[in-house]
Amino acid sequence: MTSQISTMQTVDENLNCVYVKPDTLTDARLHYCPGCGHGVIHRVLMEVVDELGIREETVGVAPVGCAVFAYNYMDIDMQEAAHGRASAVATGVKRMLPHRYVFSYQGDGDLAAIGTAETIHTVNRGENILMIFVNNAIYGMTGGQMAPTTLLGMKTSTTPSGRISSGVGHPLKITELIALLPGAGYVTRQSVHTPNAVRKLKKALTRGFTMQREQQGTSFIEIVSNCPSGWKMNPLDSNRWLEENMLTVFPPGDLKTPSERKKES
């Protein structure tokens with residue numbers, strides 16, 4: 001027994017730690033469906049907050065939808081908002097506490113449907129906040145209905161034969177619209193379906209907070225994610241479907257950077 005313990009101790013000393021849970025993530029039991037991208041996004045977001053050392057200066061705003069319980073997992077100051085009003089609430093928080101880092105965390109139904117007006121006007125004013133937009137092309141929390149971002153031909157509980165443009169329109173590319181507004185300082189679209197995509201998202205989130213520190217206008221980060229339950233797929237198939245279908249309609253990459261904003265002005 002003594003030799004076994006000694007061996008284990010020796011092995012432990014030679015191990016390289018590849019991951020440490022951010023202090024800003026709580027130990028609450030995760031309520032998201034298995035394979036959902038929200039958990040990954042939460043982790044990366046809190047890694048950035050920890051690494052920038054801004055935990056005590058950060059305020060998050062979460063509205064209704066799958067994002068509503070974000071405050072259970074992020075051990076920072078959080079404020080809940082009414083459905084679609086997260087960017088408006090974040091605006092109020094930032095104006096009252098201008099030295100805080102403020103972000104909203106919103107889904108496609110919240111940000112691109114009931115909250116479209118708040119989204120557009122917040123960015124048009126150039127509010128100095130970070131808006132995080134999780135796009136999984138479906139209403140995940142309320143029964144899998146069609147969202148503004150649902151793809152053509154995609155089946156949902158309200159489009160059982162697949163979405164058609166006649167009557168309900170085309171998928172809304174809200175991020176492309178946001179990039180046109182002069183108040184937008186940094187606009188990008190990322191995803192979380194592969195490790196490399198997660199690393200790129202982390203860089204984008206770091207840049208979004210840095211832009212806020214430098215008062216560069218609104219930073220807007222769309223994150224294309226999966227919804228295994230809503231899409232009726234297992235996590236592996238949902239990530240494969242995301243890459244083959246979602247990213248052809250919502251291609252990742254920067255849509256607007258500070259240098260491009262300067263050209264506009």
# chains A, B, ... in the order shown; residues from 1 in each chain; ligands from 1
>>> residues_around(residues="range 28-36 of chain A", least_positions_apart="6", cutoff="7 Å", atoms="only C-alpha atoms", output="PyMOL selection string")
chain A and resi 72-73+226-229+235
>>> closest_atom_pairs(of="range 179-262 of chain A", to="range 139-151 of chain A", cutoff="12 Å", atoms="only C-alpha atoms", output="tab-separated table")
residue	atom	partner	partner_atom	distance
A:Glu222	CA	A:Thr149	CA	11.8
A:Val224	CA	A:Thr149	CA	10.4
A:Ser225	CA	A:Gly140	CA	11.3
A:Asn226	CA	A:Gly140	CA	9.8
A:Cys227	CA	A:Gly140	CA	6.8
A:Pro228	CA	A:Gly140	CA	9.2
A:Ser229	CA	A:Gly140	CA	7.6
A:Gly230	CA	A:Gly144	CA	5.0
A:Trp231	CA	A:Gly144	CA	7.8
A:Lys232	CA	A:Gly144	CA	9.5
A:Trp241	CA	A:Leu151	CA	11.9
A:Leu242	CA	A:Leu151	CA	10.9
A:Asn245	CA	A:Leu151	CA	8.3
A:Met246	CA	A:Leu151	CA	7.5
A:Leu247	CA	A:Leu151	CA	10.7
A:Thr248	CA	A:Leu151	CA	10.2
A:Val249	CA	A:Leu151	CA	7.7
A:Phe250	CA	A:Thr149	CA	9.3
>>> write_last_selection(atoms="N, CA and C atoms", output="JSON list (two decimals), in the first residue's frame")
[["chain", "number", "residue", "atom", "x", "y", "z"],
["A", 222, "GLU", "N", -22.06, 37.15, -32.19],
["A", 222, "GLU", "CA", -23.01, 36.05, -32.43],
["A", 222, "GLU", "C", -22.27, 34.73, -32.25],
["A", 224, "VAL", "N", -22.92, 30.80, -33.03],
["A", 224, "VAL", "CA", -23.75, 29.76, -33.62],
["A", 224, "VAL", "C", -23.59, 28.49, -32.79],
["A", 225, "SER", "N", -24.71, 28.01, -32.27],
["A", 225, "SER", "CA", -24.66, 26.87, -31.36],
["A", 225, "SER", "C", -25.67, 25.82, -31.80],
["A", 226, "ASN", "N", -25.59, 24.67, -31.16],
["A", 226, "ASN", "CA", -26.52, 23.58, -31.47],
["A", 226, "ASN", "C", -27.66, 23.53, -30.46],
["A", 227, "CYS", "N", -28.68, 22.74, -30.78],
["A", 227, "CYS", "CA", -29.78, 22.46, -29.85],
["A", 227, "CYS", "C", -30.19, 21.01, -30.07],
["A", 228, "PRO", "N", -29.45, 20.06, -29.48],
["A", 228, "PRO", "CA", -29.73, 18.65, -29.73],
["A", 228, "PRO", "C", -31.19, 18.26, -29.48],
["A", 229, "SER", "N", -31.77, 18.77, -28.41],
["A", 229, "SER", "CA", -33.16, 18.41, -28.09],
["A", 229, "SER", "C", -34.13, 18.99, -29.11],
["A", 230, "GLY", "N", -33.98, 20.28, -29.42],
["A", 230, "GLY", "CA", -34.87, 20.92, -30.38],
["A", 230, "GLY", "C", -34.71, 20.39, -31.78],
["A", 231, "TRP", "N", -33.47, 20.02, -32.13],
["A", 231, "TRP", "CA", -33.20, 19.51, -33.46],
["A", 231, "TRP", "C", -33.47, 18.01, -33.57],
["A", 232, "LYS", "N", -33.77, 17.37, -32.44],
["A", 232, "LYS", "CA", -34.04, 15.92, -32.40],
["A", 232, "LYS", "C", -32.82, 15.13, -32.89],
["A", 241, "TRP", "N", -24.35, 18.58, -38.10],
["A", 241, "TRP", "CA", -25.40, 19.28, -38.85],
["A", 241, "TRP", "C", -25.16, 20.79, -38.82],
["A", 242, "LEU", "N", -24.72, 21.29, -37.68],
["A", 242, "LEU", "CA", -24.42, 22.72, -37.55],
["A", 242, "LEU", "C", -23.36, 23.13, -38.57],
["A", 245, "ASN", "N", -24.78, 22.83, -42.26],
["A", 245, "ASN", "CA", -25.96, 23.59, -42.63],
["A", 245, "ASN", "C", -25.98, 25.01, -42.05],
["A", 246, "MET", "N", -25.82, 25.12, -40.73],
["A", 246, "MET", "CA", -25.89, 26.44, -40.09],
["A", 246, "MET", "C", -24.79, 27.37, -40.58],
["A", 247, "LEU", "N", -23.57, 26.85, -40.67],
["A", 247, "LEU", "CA", -22.44, 27.72, -41.00],
["A", 247, "LEU", "C", -22.40, 28.12, -42.47],
["A", 248, "THR", "N", -23.21, 27.47, -43.32],
["A", 248, "THR", "CA", -23.31, 27.91, -44.70],
["A", 248, "THR", "C", -24.22, 29.14, -44.81],
["A", 249, "VAL", "N", -25.18, 29.25, -43.89],
["A", 249, "VAL", "CA", -26.09, 30.40, -43.87],
["A", 249, "VAL", "C", -25.52, 31.51, -42.97],
["A", 250, "PHE", "N", -24.89, 31.10, -41.87],
["A", 250, "PHE", "CA", -24.31, 32.04, -40.91],
["A", 250, "PHE", "C", -22.80, 31.78, -40.81]]
>>> closest_residue(among="A:Ile164, A:Ile174, A:Val89, A:Ile138", to="Thr122 in chain A", atoms="only C-alpha atoms")
A:Val89
>>> residues_around(residues="range 38-49 of chain A", least_positions_apart="4", cutoff="10 Å", atoms="only C-alpha atoms", output="NGL selection string")
:A and (20-25 or 30-34 or 53-58 or 66-67 or 70 or 73-76 or 101 or 105 or 107 or 132 or 134 or 191-193 or 198-199 or 201-207 or 209 or 223 or 225-227)
>>> write_last_selection(atoms="N, CA and C atoms", output="short mmCIF file (atom, residue, chain, number, x, y, z; two decimals), in the first residue's frame")
data_model
loop_
_atom_site.label_atom_id
_atom_site.label_comp_id
_atom_site.auth_asym_id
_atom_site.auth_seq_id
_atom_site.Cartn_x
_atom_site.Cartn_y
_atom_site.Cartn_z
N VAL A 20 -8.37 24.21 -15.49
CA VAL A 20 -8.81 24.55 -14.14
C VAL A 20 -10.12 25.32 -14.26
N LYS A 21 -11.12 24.89 -13.54
CA LYS A 21 -12.42 25.57 -13.59
C LYS A 21 -12.28 27.00 -13.13
N PRO A 22 -12.81 27.95 -13.89
CA PRO A 22 -12.73 29.35 -13.47
C PRO A 22 -13.40 29.57 -12.12
N ASP A 23 -12.83 30.42 -11.31
CA ASP A 23 -13.44 30.74 -10.01
C ASP A 23 -14.81 31.36 -10.19
N THR A 24 -15.05 31.97 -11.32
CA THR A 24 -16.31 32.65 -11.57
C THR A 24 -17.43 31.71 -12.00
N LEU A 25 -17.13 30.43 -12.17
CA LEU A 25 -18.17 29.44 -12.44
C LEU A 25 -18.60 28.78 -11.13
N LEU A 30 -25.96 21.63 -13.62
CA LEU A 30 -26.29 22.19 -14.93
C LEU A 30 -27.67 21.72 -15.38
N HIS A 31 -28.50 22.67 -15.84
CA HIS A 31 -29.85 22.30 -16.26
C HIS A 31 -29.97 22.17 -17.77
N TYR A 32 -28.94 22.57 -18.51
CA TYR A 32 -29.03 22.51 -19.96
C TYR A 32 -29.05 21.06 -20.45
N CYS A 33 -29.64 20.86 -21.62
CA CYS A 33 -29.72 19.52 -22.19
C CYS A 33 -28.31 19.01 -22.52
N PRO A 34 -28.09 17.69 -22.48
CA PRO A 34 -26.77 17.14 -22.81
C PRO A 34 -26.31 17.58 -24.20
N GLY A 53 -9.13 39.55 -15.03
CA GLY A 53 -9.16 40.05 -13.66
C GLY A 53 -10.25 41.09 -13.42
N ILE A 54 -11.42 40.89 -14.04
CA ILE A 54 -12.48 41.89 -13.94
C ILE A 54 -13.73 41.35 -13.25
N ARG A 55 -13.56 40.31 -12.45
CA ARG A 55 -14.71 39.67 -11.80
C ARG A 55 -15.54 40.65 -10.98
N GLU A 56 -14.90 41.47 -10.19
CA GLU A 56 -15.61 42.40 -9.31
C GLU A 56 -16.16 43.62 -10.05
N GLU A 57 -15.79 43.74 -11.32
CA GLU A 57 -16.21 44.91 -12.10
C GLU A 57 -17.21 44.55 -13.20
N THR A 58 -17.63 43.29 -13.26
CA THR A 58 -18.45 42.83 -14.36
C THR A 58 -19.90 42.62 -13.94
N CYS A 66 -33.52 30.08 -22.84
CA CYS A 66 -32.56 29.15 -22.27
C CYS A 66 -31.46 29.88 -21.50
N ALA A 67 -31.27 31.16 -21.80
CA ALA A 67 -30.24 31.95 -21.12
C ALA A 67 -30.67 32.41 -19.74
N ALA A 70 -28.60 31.81 -16.50
CA ALA A 70 -27.15 32.03 -16.55
C ALA A 70 -26.61 32.50 -15.21
N TYR A 73 -24.94 30.08 -12.78
CA TYR A 73 -23.64 29.50 -13.09
C TYR A 73 -22.50 30.51 -13.08
N MET A 74 -22.81 31.78 -13.18
CA MET A 74 -21.78 32.81 -13.23
C MET A 74 -21.73 33.54 -11.90
N ASP A 75 -20.63 33.37 -11.20
CA ASP A 75 -20.48 33.96 -9.86
C ASP A 75 -19.97 35.39 -9.98
N ILE A 76 -20.79 36.21 -10.63
CA ILE A 76 -20.52 37.64 -10.79
C ILE A 76 -21.84 38.36 -10.54
N TYR A 101 -17.81 46.56 -16.47
CA TYR A 101 -17.90 45.82 -17.73
C TYR A 101 -19.29 45.18 -17.76
N TYR A 105 -26.58 38.56 -22.36
CA TYR A 105 -26.43 37.18 -22.83
C TYR A 105 -27.81 36.74 -23.32
N GLY A 107 -30.54 34.80 -26.42
CA GLY A 107 -30.78 33.82 -27.48
C GLY A 107 -31.41 34.47 -28.70
N ILE A 132 -23.88 39.43 -26.32
CA ILE A 132 -23.59 38.05 -26.71
C ILE A 132 -24.89 37.42 -27.19
N VAL A 134 -26.63 34.13 -28.79
CA VAL A 134 -26.53 32.68 -29.03
C VAL A 134 -27.59 32.27 -30.03
N SER A 191 -18.52 30.21 -33.29
CA SER A 191 -19.30 29.00 -32.99
C SER A 191 -18.58 28.20 -31.90
N VAL A 192 -19.22 27.12 -31.47
CA VAL A 192 -18.63 26.31 -30.38
C VAL A 192 -18.67 24.82 -30.69
N HIS A 193 -18.68 24.45 -31.97
CA HIS A 193 -18.87 23.04 -32.32
C HIS A 193 -17.56 22.25 -32.39
N VAL A 198 -13.97 27.04 -30.41
CA VAL A 198 -14.05 27.55 -29.04
C VAL A 198 -12.89 28.49 -28.76
N ARG A 199 -11.70 28.14 -29.23
CA ARG A 199 -10.53 29.01 -29.02
C ARG A 199 -10.73 30.36 -29.71
N LEU A 201 -13.62 31.75 -30.33
CA LEU A 201 -14.63 32.47 -29.56
C LEU A 201 -14.00 33.15 -28.36
N LYS A 202 -13.10 32.46 -27.70
CA LYS A 202 -12.46 33.04 -26.52
C LYS A 202 -11.70 34.31 -26.89
N LYS A 203 -11.01 34.30 -28.01
CA LYS A 203 -10.31 35.50 -28.47
C LYS A 203 -11.29 36.64 -28.76
N ALA A 204 -12.43 36.28 -29.34
CA ALA A 204 -13.44 37.30 -29.66
C ALA A 204 -14.02 37.91 -28.39
N LEU A 205 -14.30 37.08 -27.39
CA LEU A 205 -14.83 37.59 -26.12
C LEU A 205 -13.82 38.50 -25.43
N THR A 206 -12.55 38.10 -25.46
CA THR A 206 -11.50 38.93 -24.88
C THR A 206 -11.46 40.29 -25.58
N ARG A 207 -11.57 40.25 -26.87
CA ARG A 207 -11.55 41.50 -27.65
C ARG A 207 -12.78 42.36 -27.33
N PHE A 209 -14.48 42.56 -24.49
CA PHE A 209 -14.30 43.24 -23.20
C PHE A 209 -13.23 44.34 -23.31
N ILE A 223 -22.92 33.79 -31.57
CA ILE A 223 -22.33 32.46 -31.37
C ILE A 223 -23.30 31.43 -31.93
N SER A 225 -24.71 28.01 -32.27
CA SER A 225 -24.66 26.87 -31.36
C SER A 225 -25.67 25.82 -31.80
N ASN A 226 -25.59 24.67 -31.16
CA ASN A 226 -26.52 23.58 -31.47
C ASN A 226 -27.66 23.53 -30.46
N CYS A 227 -28.68 22.74 -30.78
CA CYS A 227 -29.78 22.46 -29.85
C CYS A 227 -30.19 21.01 -30.07
#
>>> select_by_dssp(residues="range 49-217 of chain A", states="alpha helix (DSSP H)", output="ChimeraX atom specification")
/A:49-52,86-96,108-109,116-124,165-168,174-179,195-213
>>> atom_distance(atom1="CA of Gly183 in chain A", atom2="CA of Gln215 in chain A")
11.1 Å
>>> closest_residue(among="A:Gly37, A:Glu127, A:Leu181, A:His121", to="Ser238 in chain A", atoms="only C-alpha atoms")
A:Gly37
>>> decode(residues="range 124-203 of chain A", atoms="C-alpha atoms", output="compact mmCIF listing (two decimals), in the first residue's frame")
# COMPACT_ATOMS: atom_id res chain seq x y z
CA ASN A 124 -27.24 52.42 -33.18
CA ARG A 125 -26.58 54.56 -30.11
CA GLY A 126 -23.20 52.90 -29.72
CA GLU A 127 -23.82 51.88 -26.11
CA ASN A 128 -20.49 50.79 -24.64
CA ILE A 129 -21.51 47.23 -23.78
CA LEU A 130 -20.87 43.69 -25.02
CA MET A 131 -23.85 41.84 -26.51
CA ILE A 132 -23.59 38.05 -26.71
CA PHE A 133 -26.09 36.48 -29.12
CA VAL A 134 -26.53 32.68 -29.03
CA ASN A 135 -28.06 31.46 -32.29
CA ASN A 136 -29.31 27.87 -32.41
CA ALA A 137 -32.08 28.58 -34.97
CA ILE A 138 -34.90 27.37 -32.74
CA TYR A 139 -36.89 28.23 -29.61
CA GLY A 140 -35.22 25.66 -27.38
CA MET A 141 -36.97 26.41 -24.09
CA THR A 142 -40.60 26.68 -25.17
CA GLY A 143 -41.09 23.64 -27.38
CA GLY A 144 -38.88 23.91 -30.44
CA GLN A 145 -40.84 26.49 -32.44
CA MET A 146 -39.48 28.32 -35.48
CA ALA A 147 -37.15 31.19 -34.63
CA PRO A 148 -36.24 34.20 -36.79
CA THR A 149 -32.97 32.41 -37.58
CA THR A 150 -34.51 29.02 -38.48
CA LEU A 151 -33.10 27.82 -41.82
CA LEU A 152 -35.21 27.32 -44.91
CA GLY A 153 -36.40 23.72 -44.99
CA MET A 154 -35.64 23.23 -41.30
CA LYS A 155 -38.32 21.36 -39.38
CA THR A 156 -39.61 22.75 -36.09
CA SER A 157 -42.77 22.22 -34.05
CA THR A 158 -44.42 25.10 -35.92
CA THR A 159 -42.91 24.24 -39.32
CA PRO A 160 -43.31 20.43 -39.34
CA SER A 161 -42.78 20.29 -43.12
CA GLY A 162 -39.84 22.68 -43.00
CA ARG A 163 -39.59 26.46 -43.11
CA ILE A 164 -40.55 28.09 -46.39
CA SER A 165 -39.97 31.73 -47.27
CA SER A 166 -43.56 32.31 -48.35
CA GLY A 167 -45.49 33.72 -45.41
CA VAL A 168 -42.70 33.49 -42.79
CA GLY A 169 -39.75 34.95 -44.65
CA HIS A 170 -36.09 34.05 -44.77
CA PRO A 171 -33.67 33.41 -41.89
CA LEU A 172 -32.88 36.76 -40.29
CA LYS A 173 -29.19 37.62 -40.45
CA ILE A 174 -29.35 40.08 -37.57
CA THR A 175 -25.58 40.25 -37.19
CA GLU A 176 -25.16 41.50 -40.76
CA LEU A 177 -27.72 44.21 -40.00
CA ILE A 178 -25.90 45.18 -36.80
CA ALA A 179 -22.60 45.53 -38.68
CA LEU A 180 -24.14 48.31 -40.80
CA LEU A 181 -24.84 50.53 -37.78
CA PRO A 182 -22.29 53.26 -37.00
CA GLY A 183 -22.47 52.57 -33.25
CA ALA A 184 -21.12 49.06 -33.70
CA GLY A 185 -17.41 48.92 -32.93
CA TYR A 186 -16.78 45.19 -33.19
CA VAL A 187 -19.11 42.64 -34.79
CA THR A 188 -18.19 39.00 -35.21
CA ARG A 189 -19.77 35.57 -35.61
CA GLN A 190 -18.22 32.52 -33.95
CA SER A 191 -19.30 29.00 -32.99
CA VAL A 192 -18.63 26.31 -30.38
CA HIS A 193 -18.87 23.04 -32.32
CA THR A 194 -15.13 22.25 -32.34
CA PRO A 195 -12.19 22.95 -30.01
CA ASN A 196 -10.67 25.31 -32.58
CA ALA A 197 -13.96 27.22 -32.84
CA VAL A 198 -14.05 27.55 -29.04
CA ARG A 199 -10.53 29.01 -29.02
CA LYS A 200 -11.57 31.59 -31.63
CA LEU A 201 -14.63 32.47 -29.56
CA LYS A 202 -12.46 33.04 -26.52
CA LYS A 203 -10.31 35.50 -28.47
